[in-house]
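K.L.:
What follows is upload_15.tsv, made up of TSV, C-alpha atoms:
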```
chain	number	residue	atom	x	y	z
A	1	MET	CA	22.54	-12.60	-90.88
A	2	ARG	CA	22.17	-9.43	-92.95
A	3	TRP	CA	24.93	-10.50	-95.36
A	4	ALA	CA	23.29	-13.90	-95.82
A	5	ALA	CA	20.02	-12.15	-96.73
A	6	ILE	CA	21.87	-9.89	-99.20
A	7	ARG	CA	23.62	-12.84	-100.86
A	8	LYS	CA	20.36	-14.77	-101.09
A	9	LYS	CA	18.56	-11.88	-102.76
A	10	LEU	CA	21.43	-11.12	-105.13
A	11	ALA	CA	21.42	-14.76	-106.26
A	12	ARG	CA	18.23	-13.85	-108.10
A	13	VAL	CA	20.37	-11.84	-110.54
A	14	ASP	CA	22.16	-15.01	-111.67
A	15	ARG	CA	18.86	-16.85	-112.06
A	16	ALA	CA	17.37	-14.04	-114.16
A	17	LEU	CA	20.41	-14.02	-116.44
A	18	ASP	CA	20.36	-17.81	-116.77
A	19	LYS	CA	16.70	-17.67	-117.71
A	20	ALA	CA	17.43	-15.03	-120.37
A	21	ILE	CA	20.20	-17.23	-121.79
A	22	GLU	CA	17.88	-20.26	-121.86
A	23	LYS	CA	15.28	-18.18	-123.74
A	24	SER	CA	17.97	-17.03	-126.22
A	25	GLU	CA	17.55	-13.39	-125.28
A	26	ILE	CA	21.28	-13.07	-124.62
A	27	ALA	CA	24.32	-15.26	-125.19
A	28	GLY	CA	26.05	-14.13	-122.02
A	29	ALA	CA	26.49	-11.30	-119.54
A	30	VAL	CA	28.73	-9.65	-116.98
A	31	VAL	CA	26.97	-7.64	-114.27
A	32	LEU	CA	28.99	-5.70	-111.69
A	33	ALA	CA	27.44	-3.56	-108.99
A	34	ARG	CA	28.66	-1.53	-106.05
A	35	MET	CA	26.94	0.48	-103.31
A	36	PRO	CA	28.04	1.74	-99.87
A	37	ARG	CA	25.84	0.85	-96.93
A	38	ASP	CA	26.28	1.28	-93.19
A	39	GLY	CA	29.98	2.07	-93.50
A	40	GLU	CA	30.71	-0.89	-95.77
A	41	VAL	CA	30.69	-1.41	-99.53
A	42	ILE	CA	28.40	-4.07	-100.96
A	43	GLU	CA	29.64	-5.51	-104.25
A	44	HIS	CA	28.07	-7.99	-106.63
A	45	GLU	CA	29.38	-9.95	-109.62
A	46	SER	CA	27.46	-12.11	-112.10
A	47	VAL	CA	29.27	-13.79	-115.00
A	48	ARG	CA	27.06	-16.03	-117.12
A	49	GLY	CA	26.90	-17.70	-120.53
A	50	VAL	CA	29.36	-17.38	-123.40
A	51	ALA	CA	31.32	-14.51	-124.91
A	52	VAL	CA	31.45	-16.31	-128.26
A	53	ALA	CA	29.17	-19.12	-129.44
A	54	ARG	CA	30.48	-19.32	-133.02
A	55	PRO	CA	32.82	-19.75	-134.84
A	56	GLU	CA	34.19	-21.26	-131.60
A	57	ARG	CA	32.85	-21.44	-128.08
A	58	ILE	CA	34.49	-19.16	-125.51
A	59	PRO	CA	33.00	-18.89	-122.00
A	60	MET	CA	32.14	-15.46	-120.62
A	61	ALA	CA	34.67	-14.09	-118.12
A	62	ARG	CA	34.74	-11.06	-115.88
A	63	GLU	CA	37.62	-9.78	-118.02
A	64	THR	CA	35.73	-10.13	-121.33
A	65	ILE	CA	35.92	-6.98	-123.44
A	66	PHE	CA	32.64	-5.78	-124.96
A	67	ASP	CA	31.70	-3.54	-127.83
A	68	VAL	CA	29.91	-1.08	-125.52
A	69	ALA	CA	28.18	0.67	-128.46
A	70	SER	CA	26.53	3.93	-127.34
A	71	LEU	CA	28.25	3.92	-123.96
A	72	THR	CA	30.90	5.53	-126.16
A	73	LYS	CA	28.81	8.70	-125.99
A	74	PRO	CA	29.11	9.43	-122.22
A	75	ILE	CA	32.40	7.66	-121.44
A	76	ALA	CA	34.46	8.93	-124.36
A	77	THR	CA	32.89	11.76	-126.36
A	78	THR	CA	31.04	13.61	-123.59
A	79	THR	CA	34.07	13.40	-121.29
A	80	ALA	CA	36.31	14.64	-124.11
A	81	ILE	CA	34.06	17.67	-124.65
A	82	LEU	CA	34.02	18.30	-120.88
A	83	LEU	CA	37.83	18.38	-120.82
A	84	LEU	CA	38.02	20.71	-123.81
A	85	VAL	CA	35.54	23.05	-122.11
A	86	HIS	CA	37.71	22.93	-119.00
A	87	ASP	CA	40.76	23.74	-121.14
A	88	GLY	CA	38.97	26.85	-122.45
A	89	LEU	CA	39.02	25.53	-126.03
A	90	ILE	CA	35.24	25.07	-126.34
A	91	GLN	CA	32.27	27.03	-125.02
A	92	LEU	CA	29.05	25.04	-124.57
A	93	ASP	CA	26.81	27.72	-126.05
A	94	ASP	CA	29.00	28.53	-129.02
A	95	PRO	CA	27.66	27.49	-132.41
A	96	VAL	CA	29.01	24.19	-133.68
A	97	ALA	CA	30.03	25.97	-136.88
A	98	LYS	CA	32.65	27.93	-134.91
A	99	TYR	CA	34.63	24.71	-134.56
A	100	LEU	CA	33.36	22.89	-137.66
A	101	PRO	CA	32.64	25.64	-140.24
A	102	PRO	CA	30.93	23.44	-142.88
A	103	PHE	CA	28.28	22.57	-140.28
A	104	GLY	CA	26.76	26.05	-140.60
A	105	GLU	CA	25.04	25.20	-143.89
A	106	ARG	CA	21.26	24.97	-144.35
A	107	GLY	CA	20.13	26.88	-141.29
A	108	LYS	CA	22.26	25.07	-138.70
A	109	ASP	CA	24.16	28.17	-137.61
A	110	ALA	CA	22.14	28.35	-134.33
A	111	VAL	CA	22.96	24.77	-133.27
A	112	SER	CA	25.29	24.84	-130.26
A	113	ILE	CA	27.55	22.29	-128.61
A	114	ARG	CA	25.01	22.17	-125.76
A	115	HIS	CA	22.24	21.26	-128.22
A	116	LEU	CA	24.27	18.34	-129.55
A	117	LEU	CA	25.08	17.00	-126.08
A	118	ALA	CA	21.40	17.20	-125.05
A	119	HIS	CA	20.11	15.58	-128.28
A	120	ALA	CA	18.20	18.79	-128.99
A	121	SER	CA	20.01	19.96	-132.13
A	122	GLY	CA	17.26	19.17	-134.62
A	123	LEU	CA	19.47	16.83	-136.64
A	124	LYS	CA	17.86	13.68	-137.98
A	125	PRO	CA	18.60	10.97	-135.37
A	126	TRP	CA	20.03	8.34	-137.74
A	127	ARG	CA	20.91	7.68	-141.36
A	128	ALA	CA	22.32	4.58	-143.02
A	129	PHE	CA	25.59	6.20	-144.11
A	130	HIS	CA	27.24	2.80	-144.47
A	131	GLU	CA	24.88	2.11	-147.39
A	132	ILE	CA	26.01	5.31	-149.09
A	133	VAL	CA	29.63	4.26	-148.64
A	134	LEU	CA	28.86	0.76	-149.97
A	135	GLU	CA	27.20	2.28	-153.03
A	136	ARG	CA	30.29	4.40	-153.67
A	137	GLU	CA	32.40	1.23	-153.45
A	138	ARG	CA	30.19	-0.49	-156.01
A	139	LYS	CA	30.38	2.45	-158.40
A	140	THR	CA	34.14	3.05	-158.18
A	141	GLY	CA	35.37	-0.49	-157.56
A	142	GLU	CA	37.64	0.90	-154.84
A	143	ARG	CA	37.53	0.01	-151.16
A	144	MET	CA	35.82	2.75	-149.16
A	145	LEU	CA	34.44	1.16	-145.97
A	146	GLY	CA	36.60	2.01	-143.00
A	147	THR	CA	38.80	4.51	-144.83
A	148	PRO	CA	39.48	8.16	-143.91
A	149	GLN	CA	37.65	9.11	-147.12
A	150	ALA	CA	34.50	7.35	-145.90
A	151	LYS	CA	34.69	9.15	-142.55
A	152	GLU	CA	35.01	12.51	-144.33
A	153	MET	CA	32.05	11.57	-146.52
A	154	VAL	CA	29.82	10.82	-143.50
A	155	ILE	CA	30.72	14.05	-141.71
A	156	ASP	CA	30.29	16.06	-144.92
A	157	ARG	CA	26.81	14.57	-145.46
A	158	ILE	CA	25.76	15.59	-141.94
A	159	CYS	CA	27.21	19.08	-142.35
A	160	ARG	CA	25.24	19.55	-145.58
A	161	SER	CA	21.98	18.21	-144.13
A	162	GLY	CA	19.05	20.27	-142.87
A	163	LEU	CA	17.23	20.15	-139.53
A	164	VAL	CA	14.00	18.32	-138.74
A	165	HIS	CA	13.10	20.80	-135.98
A	166	GLU	CA	14.41	24.04	-134.51
A	167	PRO	CA	17.31	23.70	-132.03
A	168	GLY	CA	15.97	23.18	-128.51
A	169	ALA	CA	12.40	22.53	-129.65
A	170	ALA	CA	12.59	18.77	-129.03
A	171	ALA	CA	14.98	16.18	-127.63
A	172	VAL	CA	15.27	13.21	-129.98
A	173	TYR	CA	17.94	10.65	-129.13
A	174	GLY	CA	20.19	9.80	-132.04
A	175	ASP	CA	23.69	9.20	-133.32
A	176	LEU	CA	24.26	12.14	-135.64
A	177	ASP	CA	24.64	14.61	-132.74
A	178	PHE	CA	27.56	12.59	-131.41
A	179	ILE	CA	29.16	11.88	-134.77
A	180	VAL	CA	29.41	15.66	-135.08
A	181	LEU	CA	30.75	16.01	-131.51
A	182	GLY	CA	33.46	13.47	-132.32
A	183	ALA	CA	34.44	15.57	-135.33
A	184	VAL	CA	34.48	18.70	-133.12
A	185	VAL	CA	36.87	17.00	-130.66
A	186	GLU	CA	39.21	16.09	-133.50
A	187	ALA	CA	39.07	19.59	-135.01
A	188	VAL	CA	39.75	21.34	-131.69
A	189	ALA	CA	42.27	18.86	-130.24
A	190	ARG	CA	43.97	18.45	-133.62
A	191	GLU	CA	44.33	14.73	-133.14
A	192	PRO	CA	42.15	11.65	-133.68
A	193	LEU	CA	39.36	11.02	-131.17
A	194	ASP	CA	40.82	7.66	-130.08
A	195	VAL	CA	44.23	9.21	-129.40
A	196	PHE	CA	42.77	12.13	-127.42
A	197	CYS	CA	40.61	9.80	-125.32
A	198	ALA	CA	43.49	7.44	-124.61
A	199	GLU	CA	45.77	10.28	-123.52
A	200	ARG	CA	43.28	12.42	-121.59
A	201	ILE	CA	40.66	9.95	-120.30
A	202	PHE	CA	41.49	6.26	-120.37
A	203	ARG	CA	45.10	6.32	-119.14
A	204	PRO	CA	44.65	9.07	-116.50
A	205	LEU	CA	41.55	7.34	-115.07
A	206	GLY	CA	43.19	3.91	-115.05
A	207	LEU	CA	40.91	2.34	-117.67
A	208	GLU	CA	43.61	-0.12	-118.68
A	209	HIS	CA	41.66	-2.19	-121.19
A	210	THR	CA	39.38	0.48	-122.69
A	211	ALA	CA	40.04	1.62	-126.24
A	212	PHE	CA	38.67	2.24	-129.68
A	213	LEU	CA	39.70	-0.46	-132.15
A	214	PRO	CA	40.46	1.28	-135.45
A	215	LEU	CA	40.00	-1.04	-138.39
A	216	PRO	CA	43.35	-2.30	-139.68
A	217	GLU	CA	44.52	-0.68	-142.90
A	218	GLY	CA	43.24	-2.88	-145.69
A	219	GLY	CA	40.57	-4.43	-143.45
A	220	GLY	CA	40.53	-7.73	-141.62
A	221	PRO	CA	40.14	-8.81	-137.99
A	222	PRO	CA	42.34	-7.71	-135.06
A	223	PRO	CA	45.20	-9.95	-133.85
A	224	PRO	CA	43.90	-13.35	-132.62
A	225	ALA	CA	45.16	-12.84	-129.06
A	226	LEU	CA	43.11	-9.65	-128.73
A	227	ARG	CA	40.11	-11.02	-130.58
A	228	ARG	CA	39.72	-13.98	-128.21
A	229	ARG	CA	39.28	-11.56	-125.29
A	230	ILE	CA	36.33	-9.83	-126.97
A	231	ALA	CA	32.64	-10.81	-126.94
A	232	ALA	CA	31.25	-11.43	-130.42
A	233	THR	CA	28.20	-9.59	-131.68
A	234	GLU	CA	25.93	-10.01	-134.71
A	235	ASN	CA	26.04	-12.38	-137.66
A	236	CYS	CA	25.97	-9.31	-139.89
A	237	PRO	CA	23.75	-9.66	-142.98
A	238	TRP	CA	25.64	-7.12	-145.09
A	239	ARG	CA	29.17	-7.92	-143.89
A	240	LYS	CA	28.27	-11.61	-144.27
A	241	TYR	CA	30.19	-12.80	-141.22
A	242	ILE	CA	29.97	-12.86	-137.44
A	243	VAL	CA	31.24	-9.53	-136.14
A	244	TRP	CA	33.95	-10.35	-133.62
A	245	GLY	CA	36.63	-7.89	-132.61
A	246	GLU	CA	35.40	-4.99	-134.74
A	247	VAL	CA	32.69	-2.44	-134.11
A	248	HIS	CA	29.12	-3.64	-134.59
A	249	ASP	CA	27.58	-0.24	-135.42
A	250	PRO	CA	27.45	0.04	-139.22
A	251	ASN	CA	28.18	3.77	-139.43
A	252	ALA	CA	31.07	3.55	-136.97
A	253	PHE	CA	32.42	0.63	-139.04
A	254	ALA	CA	32.13	2.67	-142.22
A	255	MET	CA	34.04	5.47	-140.47
A	256	GLY	CA	36.95	3.18	-139.58
A	257	GLY	CA	35.94	2.10	-136.08
A	258	VAL	CA	36.48	5.47	-134.39
A	259	ALA	CA	33.45	7.74	-134.06
A	260	GLY	CA	31.77	9.94	-131.48
A	261	HIS	CA	28.66	7.77	-131.19
A	262	ALA	CA	30.09	4.22	-131.10
A	263	GLY	CA	33.30	2.24	-131.39
A	264	LEU	CA	34.51	1.94	-127.79
A	265	PHE	CA	35.48	-1.46	-126.35
A	266	ALA	CA	35.79	-2.05	-122.60
A	267	PRO	CA	35.46	-4.72	-119.90
A	268	ALA	CA	32.92	-4.33	-117.10
A	269	ASP	CA	35.58	-3.48	-114.50
A	270	ASP	CA	36.75	-0.46	-116.50
A	271	VAL	CA	33.17	0.78	-116.89
A	272	LEU	CA	32.65	0.35	-113.14
A	273	HIS	CA	35.94	2.16	-112.46
A	274	PHE	CA	34.89	5.08	-114.68
A	275	ALA	CA	31.54	5.30	-112.89
A	276	GLN	CA	33.25	5.29	-109.49
A	277	HIS	CA	35.36	8.25	-110.63
A	278	VAL	CA	32.13	10.07	-111.53
A	279	VAL	CA	30.67	9.37	-108.08
A	280	ASP	CA	33.84	10.37	-106.25
A	281	VAL	CA	34.23	13.61	-108.19
A	282	TRP	CA	30.52	14.43	-107.68
A	283	HIS	CA	30.94	14.07	-103.90
A	284	GLY	CA	34.21	16.01	-103.78
A	285	ARG	CA	36.44	13.04	-102.90
A	286	SER	CA	38.44	13.16	-106.12
A	287	ASP	CA	39.76	15.68	-108.61
A	288	ALA	CA	40.12	13.14	-111.43
A	289	LEU	CA	37.71	15.32	-113.43
A	290	PRO	CA	36.82	19.01	-112.93
A	291	ARG	CA	34.08	18.81	-110.27
A	292	GLU	CA	31.93	21.87	-110.95
A	293	LEU	CA	31.94	21.19	-114.66
A	294	LEU	CA	31.06	17.53	-114.13
A	295	ARG	CA	28.15	18.51	-111.89
A	296	ALA	CA	26.94	20.90	-114.61
A	297	PHE	CA	27.19	18.15	-117.24
A	298	LEU	CA	25.14	15.77	-115.06
A	299	THR	CA	22.31	18.29	-114.59
A	300	ARG	CA	19.13	18.04	-116.68
A	301	GLN	CA	19.18	20.67	-119.42
A	302	HIS	CA	15.41	20.92	-120.05
A	303	LEU	CA	15.91	21.37	-123.78
A	304	PRO	CA	12.93	21.47	-124.12
A	305	GLU	CA	11.41	21.65	-120.62
A	306	SER	CA	10.11	18.06	-120.73
A	307	SER	CA	13.49	16.55	-121.67
A	308	GLY	CA	15.34	14.45	-119.12
A	309	TRP	CA	18.69	14.60	-120.92
A	310	THR	CA	21.72	16.10	-119.21
A	311	LEU	CA	24.83	16.86	-121.25
A	312	GLY	CA	25.59	13.43	-122.70
A	313	TRP	CA	23.66	11.35	-120.14
A	314	ASP	CA	20.10	10.09	-119.75
A	315	THR	CA	18.14	10.23	-116.49
A	316	PRO	CA	15.34	7.97	-115.19
A	317	THR	CA	11.84	8.39	-116.55
A	318	ARG	CA	9.43	7.32	-113.83
A	319	GLY	CA	7.73	4.04	-114.73
A	320	ALA	CA	9.45	3.70	-118.09
A	321	SER	CA	13.20	3.61	-117.49
A	322	SER	CA	15.74	0.89	-118.22
A	323	SER	CA	17.17	1.78	-114.79
A	324	GLY	CA	14.14	0.13	-113.16
A	325	GLN	CA	12.20	1.39	-110.16
A	326	HIS	CA	14.89	2.07	-107.56
A	327	PHE	CA	17.27	4.64	-109.04
A	328	SER	CA	16.62	8.11	-107.64
A	329	ASP	CA	15.79	11.15	-109.75
A	330	ASN	CA	19.39	12.20	-109.17
A	331	SER	CA	20.73	9.37	-111.32
A	332	VAL	CA	22.38	9.26	-114.73
A	333	GLY	CA	22.90	6.45	-117.16
A	334	HIS	CA	23.12	5.28	-120.73
A	335	LEU	CA	22.44	2.24	-122.90
A	336	GLY	CA	24.22	0.56	-125.81
A	337	PHE	CA	22.47	-1.29	-128.64
A	338	THR	CA	24.70	-4.37	-128.31
A	339	GLY	CA	23.13	-5.01	-124.88
A	340	THR	CA	25.16	-2.77	-122.59
A	341	SER	CA	24.17	-0.29	-119.90
A	342	LEU	CA	25.52	1.82	-117.07
A	343	TRP	CA	23.42	3.46	-114.35
A	344	ILE	CA	24.74	5.60	-111.50
A	345	ASP	CA	22.64	6.76	-108.54
A	346	LEU	CA	24.50	9.87	-107.42
A	347	ASP	CA	22.61	10.09	-104.10
A	348	ALA	CA	22.93	6.44	-103.03
A	349	GLU	CA	26.33	6.12	-104.78
A	350	ALA	CA	24.99	2.92	-106.35
A	351	ILE	CA	26.52	1.76	-109.63
A	352	VAL	CA	25.26	-1.05	-111.87
A	353	VAL	CA	27.19	-2.09	-114.97
A	354	MET	CA	25.43	-4.58	-117.22
A	355	LEU	CA	27.28	-5.78	-120.32
A	356	THR	CA	25.70	-8.42	-122.55
A	357	ASN	CA	26.16	-9.63	-126.12
A	358	ARG	CA	22.43	-9.69	-126.82
A	359	VAL	CA	22.82	-9.48	-130.61
A	360	HIS	CA	25.15	-12.50	-130.83
A	361	LEU	CA	23.23	-15.35	-132.49
A	362	VAL	CA	20.12	-14.81	-130.40
A	363	ALA	CA	16.90	-16.40	-131.59
A	364	LYS	CA	14.94	-13.17	-131.66
A	365	ARG	CA	15.13	-9.41	-131.17
A	366	SER	CA	13.10	-7.85	-128.39
A	367	ARG	CA	12.70	-4.62	-126.48
A	368	PHE	CA	15.29	-6.10	-124.12
A	369	GLU	CA	13.42	-5.40	-120.91
A	370	LEU	CA	15.99	-7.50	-119.03
A	371	ARG	CA	17.93	-4.37	-118.09
A	372	ALA	CA	15.20	-2.95	-115.85
A	373	GLU	CA	14.64	-6.37	-114.25
A	374	ILE	CA	18.32	-6.81	-113.45
A	375	HIS	CA	18.66	-3.29	-112.06
A	376	ASP	CA	15.67	-3.87	-109.78
A	377	LEU	CA	17.03	-7.21	-108.55
A	378	VAL	CA	20.44	-5.69	-107.82
A	379	ARG	CA	19.09	-2.69	-105.92
A	380	GLU	CA	16.59	-4.84	-103.97
A	381	GLY	CA	19.34	-7.29	-103.08
A	382	MET	CA	21.68	-4.59	-101.87
A	383	ASN	CA	18.94	-3.07	-99.74
A	384	ALA	CA	18.01	-6.39	-98.11
```
Have the structure of the file written as structure tokens, please.
P.N.:
Amino acid sequence: MRWAAIRKKLARVDRALDKAIEKSEIAGAVVLARMPRDGEVIEHESVRGVAVARPERIPMARETIFDVASLTKPIATTTAILLLVHDGLIQLDDPVAKYLPPFGERGKDAVSIRHLLAHASGLKPWRAFHEIVLERERKTGERMLGTPQAKEMVIDRICRSGLVHEPGAAAVYGDLDFIVLGAVVEAVAREPLDVFCAERIFRPLGLEHTAFLPLPEGGGPPPPALRRRIAATENCPWRKYIVWGEVHDPNAFAMGGVAGHAGLFAPADDVLHFAQHVVDVWHGRSDALPRELLRAFLTRQHLPESSGWTLGWDTPTRGASSSGQHFSDNSVGHLGFTGTSLWIDLDAEAIVVMLTNRVHLVAKRSRFELRAEIHDLVREGMNA
């Protein structure tokens, strides 16, 4: 009887997604959830809508690979920094300029790795670097977008920029902190970020279909067989085509598809698998990641005191969180602009992965409050 009640309540997740598709808020979605209860594990799967509406129609599948956008920050870049700290190659409170000397310009010598991870560095949160690269293309007549030269240009611009506030004085979410962290990983590891993550994170953790997709030399889409497994994103006004199989984020695209803030592609099962590793390590059931260091990374940094950011992860803000109403204070999560999210309740061991292609040919842009609704419906269903 209890399982029937759980299934009935969880059916509301499908109905909410269908309603969002009908209202053109999303093209499609994959939602996977897992939570232990009374000695058993409750799991839920919702697969709705289409992965691609144009230029052809491809139904959504559980195996669909998504551009997870800013989920790149916790899954790839934060975990890479954690491993380099564990290796003794990075210290969290060292100045960034120790590892990236040009960064020390214009009063940034006090910015630490910890500040970057907690979005408290004082860097401007975002800049349209892709427009700067496009302008250089127009002036020189040479291709720049997606080249190593463009990536160097973006990092150099950040290194030469000033701060908008003192380090630790405010926590302002943005991409520039993590673009710099990606550059730090490459400088310390002495290999590209995508190679380091594949060797040290994705393969060891069994994330079989998770990867960055570097732009092919000379541009162009990925191989058709790979492309058809990927959910499409925006009909891009400046690229002048539907983005399908390459990174949506304009700055990550300008940097060649591999950056610390965006560029990762993954299916929902891999995101769920990563989250389960986090839960198991937190509770001492696995040594897939260094436990004490992981627990430190998932602890609120209070930079400043009012900030809810840990090292690389967000936490619920009561009454105003995309996690909804039912994730405990001891939860971590993150969002991605393309319509993706991951929330982990470390106490209840509840995981909800929600991947959508909300920017793919939708009729309108919104605050995308669907995330909180879905998270509430999942947690209420699992607690039935």
K.L.:
Using all atoms listed in the file, which protein or nucleic acid residues come within 6 Å of Thr338 of chain A? Drop anything in the same chain fewer than 3 positions from it, and give the result as a PyMOL selection string.
P.N.:
chain A and resi 357-359
K.L.:
Write out the residues from the selection above, keeping C-alpha atoms, as a CSV table (one decimal), keeping the file's coordinate frame.
P.N.:
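Here's the written file selection28.csv:
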```csv
chain,number,residue,atom,x,y,z
A,357,ASN,CA,26.2,-9.6,-126.1
A,358,ARG,CA,22.4,-9.7,-126.8
A,359,VAL,CA,22.8,-9.5,-130.6
```
K.L.:
Could you check the closest approach to Gln91 of chain A for each of A:Ser70, A:Tyr173, A:Ile351, A:Arg114 and tell me which residue wins, using all atoms listed in the file?
P.N.:
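Using all atoms listed in the file, Gln91 of chain A sits closest to A:Arg114.
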K.L.:
Which residue is closest to Leu181 of chain A? Choose from A:Gly319, A:Pro304, A:Gly333, A:Pro95 and count all atoms listed in the file.
P.N.:
A:Pro95
K.L.:
I'd like the neighbourhood of segment 371-376 of chain A as a PyMOL selection string, where a residue qualifies if any of its atoms comes within 10 Å (using all atoms listed in the file), though same-chain residues fewer than 2 positions away should be ignored.
P.N.:
chain A and resi 10+12-14+16-17+31+33+320-327+335+339-343+351-356+367-369+378-382
K.L.:
To one decimal place, how far is atom CA of Thr78 of chain A from atom CA of Val281 of chain A in Å?
P.N.:
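These atoms are spaced 15.7 Å apart.
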K.L.:
Every residue with an atom at most 12 Å from (33.5, -14.1, -121.3) (file coordinates; all atoms listed in the file) is what I'm after, so could you write them as a ChimeraX atom specification?
P.N.:
/A:27-31,46-53,57-66,227-232,267-268,355-357
K.L.:
Now that the selection is made, can you save its residues with C-alpha atoms as a CSV table (one decimal), in the coordinates of the input?
P.N.:
```csv
chain,number,residue,atom,x,y,z
A,27,ALA,CA,24.3,-15.3,-125.2
A,28,GLY,CA,26.0,-14.1,-122.0
A,29,ALA,CA,26.5,-11.3,-119.5
A,30,VAL,CA,28.7,-9.6,-117.0
A,31,VAL,CA,27.0,-7.6,-114.3
A,46,SER,CA,27.5,-12.1,-112.1
A,47,VAL,CA,29.3,-13.8,-115.0
A,48,ARG,CA,27.1,-16.0,-117.1
A,49,GLY,CA,26.9,-17.7,-120.5
A,50,VAL,CA,29.4,-17.4,-123.4
A,51,ALA,CA,31.3,-14.5,-124.9
A,52,VAL,CA,31.4,-16.3,-128.3
A,53,ALA,CA,29.2,-19.1,-129.4
A,57,ARG,CA,32.8,-21.4,-128.1
A,58,ILE,CA,34.5,-19.2,-125.5
A,59,PRO,CA,33.0,-18.9,-122.0
A,60,MET,CA,32.1,-15.5,-120.6
A,61,ALA,CA,34.7,-14.1,-118.1
A,62,ARG,CA,34.7,-11.1,-115.9
A,63,GLU,CA,37.6,-9.8,-118.0
A,64,THR,CA,35.7,-10.1,-121.3
A,65,ILE,CA,35.9,-7.0,-123.4
A,66,PHE,CA,32.6,-5.8,-125.0
A,227,ARG,CA,40.1,-11.0,-130.6
A,228,ARG,CA,39.7,-14.0,-128.2
A,229,ARG,CA,39.3,-11.6,-125.3
A,230,ILE,CA,36.3,-9.8,-127.0
A,231,ALA,CA,32.6,-10.8,-126.9
A,232,ALA,CA,31.2,-11.4,-130.4
A,267,PRO,CA,35.5,-4.7,-119.9
A,268,ALA,CA,32.9,-4.3,-117.1
A,355,LEU,CA,27.3,-5.8,-120.3
A,356,THR,CA,25.7,-8.4,-122.6
A,357,ASN,CA,26.2,-9.6,-126.1
```
K.L.:
Name the residues within 12 Å of (41.9, 17.1, -111.1), counting all atoms listed in the file in the file's coordinates, and put them as number ranges by chain.
P.N.:
A: 83, 86, 200-201, 204-205, 277, 280-281, 284-294
K.L.:
Considering all atoms listed in the file, can you say which of A:Ala225, A:Ile75, A:Ile158, A:Leu92 comes closest to Arg106 of chain A?
P.N.:
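The closest residue to Arg106 of chain A is A:Ile158.
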K.L.:
Which distance in Å separates atom CA of Gln301 of chain A and atom CA of Phe337 of chain A, to one decimal?
P.N.:
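Between these atoms lies a distance of 24.0 Å.
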K.L.:
Can you measure atom CA of Pro316 of chain A to atom CA of Gly122 of chain A for me? One decimal in Å is fine.
P.N.:
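Atom CA of Gly122 of chain A lies 22.5 Å from atom CA of Pro316 of chain A.
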K.L.:
Between A:Asp93, A:Glu186, A:Glu305, A:Glu40, single out the one closest to Ala259 of chain A, counting all atoms listed in the file.
P.N.:
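Smallest separation from Ala259 of chain A among the options: A:Glu186.
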K.L.:
Quick one: residues within 9 Å of Ala211 of chain A, only C-alpha atoms counted, chain neighbours fewer than 3 positions away excluded, as a PyMOL selection string?
P.N.:
chain A and resi 194+197-198+202+207-208+263-266
K.L.:
Show which residues sit within 8 Å of Thr147 of chain A, as a short mmCIF file (atom, residue, chain, number, x, y, z; two decimals) with C-alpha atoms, in the frame of the given file. Count all atoms listed in the file, and ignore same-chain residues fewer than 2 positions away.
P.N.:
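Saved the output as around.cif:
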```cif
data_model
loop_
_atom_site.label_atom_id
_atom_site.label_comp_id
_atom_site.auth_asym_id
_atom_site.auth_seq_id
_atom_site.Cartn_x
_atom_site.Cartn_y
_atom_site.Cartn_z
CA ARG A 143 37.53 0.01 -151.16
CA MET A 144 35.82 2.75 -149.16
CA LEU A 145 34.44 1.16 -145.97
CA GLN A 149 37.65 9.11 -147.12
CA ALA A 150 34.50 7.35 -145.90
CA LYS A 151 34.69 9.15 -142.55
CA GLU A 217 44.52 -0.68 -142.90
CA ALA A 254 32.13 2.67 -142.22
CA MET A 255 34.04 5.47 -140.47
CA GLY A 256 36.95 3.18 -139.58
#
```
K.L.:
I need the residue nearest His44 of chain A from this list: A:Leu303, A:Ala170, A:Ile6, A:Ala348. Use only C-alpha atoms for the distance.
P.N.:
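With only C-alpha atoms as the atom set, the closest residue is A:Ile6.
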K.L.:
Restricting the calculation to all atoms listed in the file: of A:Lys98, A:Leu134, A:Asp269, A:Ala76, which residue gets closest to Val195 of chain A?
P.N.:
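Going through A:Lys98, A:Leu134, A:Asp269, A:Ala76 one by one, the smallest distance to Val195 of chain A is for A:Ala76.
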K.L.:
Which neighbours of Ser307 of chain A fall inside 10 Å, counting only C-alpha atoms, when residues of the same chain fewer than 6 positions from it are skipped, and could you give them as number ranges by chain?
P.N.:
A: 118-120, 168, 170-172, 300-301, 314-315, 317
